[in-house]
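Raw contents of entry.cif, mmCIF, C-alpha atoms:
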data_final
loop_
_atom_site.label_atom_id
_atom_site.label_comp_id
_atom_site.auth_asym_id
_atom_site.auth_seq_id
_atom_site.Cartn_x
_atom_site.Cartn_y
_atom_site.Cartn_z
CA MET A 2 74.24 57.83 35.96
CA VAL A 3 72.60 61.22 36.35
CA LYS A 4 72.06 60.49 40.02
CA ASN A 5 75.76 59.71 40.56
CA ARG A 6 76.78 62.95 38.85
CA PHE A 7 74.52 64.86 41.25
CA VAL A 8 76.20 63.23 44.25
CA ILE A 9 79.69 64.05 42.96
CA LEU A 10 78.67 67.64 42.27
CA ALA A 11 77.25 68.01 45.80
CA LEU A 12 80.45 66.67 47.35
CA GLY A 13 82.51 69.07 45.26
CA LEU A 14 80.50 72.02 46.49
CA ALA A 15 80.99 70.88 50.09
CA PHE A 16 84.76 70.90 49.66
CA ILE A 17 84.92 74.42 48.22
CA THR A 18 82.68 75.99 50.89
CA PRO A 19 84.94 78.52 52.78
CA CYS A 20 85.75 77.79 56.45
CA HIS A 21 85.97 80.78 58.79
CA ALA A 22 88.38 80.44 61.75
CA GLU A 23 86.84 81.14 65.13
CA GLU A 24 87.52 84.72 66.30
CA LYS A 25 90.05 84.87 69.15
CA TYR A 26 89.76 87.54 71.82
CA GLN A 27 92.22 88.97 74.33
CA SER A 28 91.50 87.44 77.73
CA LEU A 29 90.73 89.92 80.48
CA ASP A 30 93.00 87.97 82.85
CA SER A 31 95.96 88.63 80.55
CA ILE A 32 95.20 92.35 80.72
CA TYR A 33 94.92 92.23 84.52
CA ASP A 34 98.26 90.40 84.77
CA PHE A 35 99.93 92.93 82.48
CA VAL A 36 98.57 95.87 84.51
CA LYS A 37 99.76 94.33 87.79
CA ALA A 38 103.23 93.69 86.36
CA THR A 39 103.42 97.27 85.08
CA VAL A 40 102.48 98.67 88.49
CA GLU A 41 104.97 96.42 90.31
CA GLN A 42 107.80 97.66 88.10
CA ARG A 43 107.04 101.28 88.96
CA MET A 44 106.43 101.06 92.71
CA ASP A 45 108.86 101.83 95.53
CA SER A 46 110.02 98.33 96.46
CA SER A 47 110.73 99.19 100.12
CA ALA A 48 107.11 98.61 101.20
CA GLU A 49 104.60 95.79 100.89
CA TYR A 50 101.79 96.43 98.42
CA GLU A 51 98.41 95.01 97.49
CA ILE A 52 97.44 95.73 93.88
CA ASN A 53 93.81 95.35 92.85
CA VAL A 54 92.79 95.85 89.23
CA LEU A 55 89.16 96.94 88.98
CA PRO A 56 87.14 94.56 86.75
CA LEU A 57 86.65 95.46 83.11
CA ASP A 58 83.32 94.91 81.35
CA ASN A 59 82.90 91.16 80.81
CA GLN A 60 81.28 91.95 77.46
CA LEU A 61 84.48 93.59 76.22
CA LYS A 62 85.67 91.80 73.06
CA LEU A 63 89.17 92.86 72.04
CA PRO A 64 90.97 90.99 69.25
CA GLU A 65 93.75 88.79 70.58
CA CYS A 66 96.99 90.77 70.36
CA THR A 67 99.69 89.02 68.36
CA GLN A 68 102.35 91.27 69.89
CA ALA A 69 103.35 92.04 73.47
CA LEU A 70 100.99 94.44 75.20
CA GLU A 71 102.29 97.95 75.84
CA ALA A 72 101.59 100.46 78.61
CA PHE A 73 101.01 104.15 77.98
CA LYS A 74 100.22 107.25 80.03
CA VAL A 75 101.81 105.70 83.12
CA ALA A 76 103.78 107.65 85.75
CA ASP A 77 107.46 106.73 86.17
CA LEU A 78 106.83 106.23 89.91
CA ILE A 79 103.37 104.99 90.87
CA LYS A 80 102.16 105.90 94.36
CA PRO A 81 99.63 104.09 96.55
CA GLY A 82 96.01 104.98 95.96
CA ARG A 83 93.88 104.85 92.84
CA THR A 84 95.50 105.19 89.43
CA SER A 85 94.76 104.48 85.77
CA ILE A 86 96.99 102.44 83.44
CA GLY A 87 96.76 102.65 79.65
CA VAL A 88 97.09 99.31 77.81
CA LYS A 89 97.42 99.05 74.03
CA CYS A 90 98.01 96.54 71.27
CA ASN A 91 100.10 97.68 68.30
CA ALA A 92 99.45 94.62 66.17
CA GLU A 93 97.62 94.79 62.83
CA ARG A 94 94.29 94.98 64.67
CA LYS A 95 95.10 97.81 67.06
CA TRP A 96 93.20 98.63 70.22
CA SER A 97 93.71 100.52 73.49
CA ILE A 98 91.93 100.70 76.84
CA PHE A 99 92.42 102.11 80.33
CA ALA A 100 92.35 99.93 83.45
CA SER A 101 91.89 101.36 86.94
CA THR A 102 93.82 100.03 89.92
CA VAL A 103 93.62 100.49 93.67
CA ILE A 104 97.00 100.13 95.36
CA LYS A 105 97.34 99.69 99.12
CA ALA A 106 100.66 100.06 100.95
CA TYR A 107 101.43 98.22 104.18
CA GLU A 108 104.11 99.08 106.75
CA SER A 109 104.97 98.03 110.30
CA VAL A 110 104.07 101.22 112.15
CA ILE A 111 103.43 102.61 115.63
CA VAL A 112 99.78 102.41 116.72
CA LEU A 113 98.00 103.33 119.95
CA THR A 114 96.97 100.48 122.23
CA ARG A 115 94.32 102.62 123.94
CA PRO A 116 92.57 105.97 123.46
CA ILE A 117 94.61 109.04 124.34
CA GLN A 118 93.53 112.58 125.15
CA ARG A 119 94.97 115.82 123.86
CA GLY A 120 97.79 116.99 126.12
CA GLU A 121 98.49 113.51 127.52
CA ILE A 122 102.13 112.41 127.63
CA ILE A 123 102.73 109.30 125.52
CA SER A 124 104.59 106.40 127.13
CA ARG A 125 105.71 102.98 125.86
CA GLN A 126 102.57 101.45 127.41
CA HIS A 127 100.47 103.41 124.92
CA LEU A 128 102.31 101.98 121.91
CA ALA A 129 102.57 98.86 119.78
CA ILE A 130 103.96 97.98 116.35
CA GLU A 131 101.53 96.50 113.83
CA LYS A 132 101.44 96.05 110.06
CA MET A 133 98.84 98.53 108.82
CA ASP A 134 97.43 99.97 105.62
CA VAL A 135 99.23 103.34 105.32
CA THR A 136 97.81 104.29 101.92
CA ASN A 137 95.95 107.34 103.20
CA THR A 138 98.52 108.57 105.75
CA ARG A 139 100.49 110.59 103.15
CA GLY A 140 103.66 109.21 104.69
CA ASP A 141 102.85 110.54 108.15
CA PHE A 142 103.60 107.50 110.32
CA MET A 143 106.27 106.32 112.75
CA THR A 144 108.21 103.08 112.80
CA GLN A 145 110.25 103.44 116.02
CA PHE A 146 109.00 103.72 119.61
CA GLU A 147 111.56 106.45 120.31
CA GLN A 148 109.82 108.76 117.84
CA ALA A 149 106.70 108.90 120.01
CA GLU A 150 107.81 108.22 123.57
CA ASN A 151 107.57 111.16 126.00
CA LYS A 152 105.86 113.30 123.38
CA GLN A 153 102.52 115.01 123.99
CA ALA A 154 99.32 114.12 122.15
CA GLY A 155 98.29 117.04 119.95
CA ARG A 156 94.68 115.84 119.67
CA ASN A 157 92.33 113.14 120.92
CA MET A 158 93.08 109.81 119.23
CA PRO A 159 91.33 106.40 119.43
CA ALA A 160 92.88 103.02 120.13
CA GLY A 161 94.36 101.52 116.97
CA ALA A 162 95.17 104.91 115.44
CA ILE A 163 98.38 105.13 113.42
CA LEU A 164 100.63 107.64 115.16
CA GLY A 165 102.25 110.30 112.99
CA MET A 166 104.18 113.51 113.49
CA ARG A 167 101.04 115.58 112.92
CA GLY A 168 99.43 113.93 115.94
CA ILE A 169 102.09 114.82 118.50
CA VAL A 170 103.83 117.88 119.88
CA GLU A 171 106.85 118.39 122.07
CA PRO A 172 105.79 118.46 125.74
CA PRO A 173 106.32 121.79 127.52
CA LEU A 174 109.59 122.02 129.39
CA ILE A 175 108.38 125.20 131.04
CA LYS A 176 104.87 125.96 132.24
CA ARG A 177 103.18 129.26 132.93
CA ASN A 178 104.22 130.79 136.30
CA ASP A 179 107.30 128.53 136.53
CA LYS A 180 110.38 130.20 137.97
CA VAL A 181 113.06 130.31 135.29
CA ILE A 182 116.56 131.55 134.62
CA ILE A 183 116.74 134.23 131.94
CA SER A 184 120.08 133.98 130.18
CA THR A 185 121.48 136.56 127.79
CA GLU A 186 124.79 136.13 126.02
CA GLN A 187 127.04 139.03 125.19
CA SER A 188 130.25 138.82 123.18
CA ALA A 189 132.47 137.93 126.13
CA PHE A 190 130.15 137.01 128.98
CA THR A 191 126.76 135.62 129.97
CA ILE A 192 124.24 137.34 132.23
CA ARG A 193 121.70 135.31 134.16
CA MET A 194 118.62 136.69 135.89
CA SER A 195 115.64 135.26 137.71
CA GLY A 196 112.30 135.39 135.94
CA THR A 197 108.79 134.00 135.68
CA ALA A 198 107.34 132.27 132.64
CA LEU A 199 104.17 133.90 131.36
CA MET A 200 103.23 130.96 129.12
CA ASP A 201 103.97 127.29 128.50
CA GLY A 202 106.89 126.47 126.22
CA ALA A 203 108.41 123.40 124.57
CA LYS A 204 112.07 123.12 123.61
CA GLY A 205 112.91 125.62 120.88
CA GLN A 206 109.69 127.57 121.36
CA VAL A 207 109.75 131.33 121.93
CA ILE A 208 107.87 132.38 125.08
CA ARG A 209 107.39 135.56 127.10
CA VAL A 210 109.06 135.82 130.50
CA LYS A 211 109.10 138.51 133.16
CA ASN A 212 112.38 139.71 134.67
CA GLU A 213 111.87 139.59 138.45
CA SER A 214 114.33 142.42 139.13
CA SER A 215 113.20 144.98 136.55
CA GLY A 216 109.66 143.80 135.90
CA ARG A 217 110.44 143.96 132.20
CA ILE A 218 108.73 141.43 129.92
CA VAL A 219 110.95 139.92 127.23
CA SER A 220 110.77 137.05 124.73
CA GLY A 221 113.21 134.17 124.78
CA THR A 222 113.77 130.65 123.49
CA VAL A 223 113.25 127.63 125.72
CA ILE A 224 116.59 125.81 125.95
CA GLU A 225 115.76 123.27 128.64
CA ALA A 226 113.57 122.97 131.70
CA GLY A 227 113.88 126.24 133.66
CA LEU A 228 116.19 127.99 131.17
CA VAL A 229 115.23 130.68 128.63
CA LEU A 230 117.74 132.33 126.29
CA VAL A 231 117.15 135.97 125.36
CA LYS A 232 119.14 137.36 122.44
#

Encoded form (structure tokens):
Amino acid sequence: MVKNRFVILALGLAFITPCHAEEKYQSLDSIYDFVKATVEQRMDSSAEYEINVLPLDNQLKLPECTQALEAFKVADLIKPGRTSIGVKCNAERKWSIFASTVIKAYESVIVLTRPIQRGEIISRQHLAIEKMDVTNTRGDFMTQFEQAENKQAGRNMPAGAILGMRGIVEPPLIKRNDKVIISTEQSAFTIRMSGTALMDGAKGQVIRVKNESSGRIVSGTVIEAGLVLVK
């Protein structure tokens, strides 16, 4: 009888032993997905983007959030490049972290099909349209052939280079020692004289020219090939 009482007592103790639920942690994948969704909502939707969330420490143990995750310290408009996104949980067991992302932007842009030298005139044969990573161009790229055709290379550029406005200049319409017409406009009439250009000049550029009749040197604006307007 004593033995049976001991067995019953042991079983009773087994039933009243407390059971601890297994700790649940926030999955890192859920944080990555939240960060990507946050970035997508705040990007300019006109371009194609690649969003990479840099890995968090695999040893990170954050309590599973029983509420929706929230973002903080995030720009209203996120630009391509590297940025940091704050993620927090406002449940009973609060926590917050920062996740870093690298965002690449892709556009169909004008690229060079072969190397080009400074001063060379750009033709259609130099150009192609390809989808490229434009993250580091700071918006300086072209999307139409017409933007680059018949322009002059402002520096040496390799094949495959993305062509932007900073890489080209207007070609000179007038070159040094060219014979030009010097035009000056008065209130009721226009006077035209023969002259010689003393320097190269693109359209809209101010250059020095020499009046052939008087020998006087004046400055004027290049209007078109062979024509300089003096005010």

Item to complete: List the residues selected by the PyMOL selection byres ((chain A and resi 214) around 9) in the file shown, writing them as number ranges by chain.
Response: A: 194-196, 211-213, 215-217

Fill in: Explicit residue set for the PyMOL selection byres ((chain A and resi 223) around 8), as a PyMOL selection string
chain A and resi 174-175+202-208+221-222+224-226+228-230

Fill in: Residue contacts of Lys105 of chain A (7 Å, all atoms listed in the file) excluding same-chain residues fewer than 6 positions away, as a PyMOL selection string
chain A and resi 50-52+81-82+134+136

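Residues in contact with Ala162 of chain A at 9 Å, where all atoms listed in the file are counted and same-chain residues fewer than 6 positions away are skipped, are listed as Ile111, Val112, Leu113, Thr114, Arg115 and Pro116 of chain A.
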
Worksheet item: Which residue out of A:Pro64, A:Gly227, A:Gly140, A:Gly155 has the minimum interatomic distance to Val181 of chain A when all atoms listed in the file are used?
Response: A:Gly227
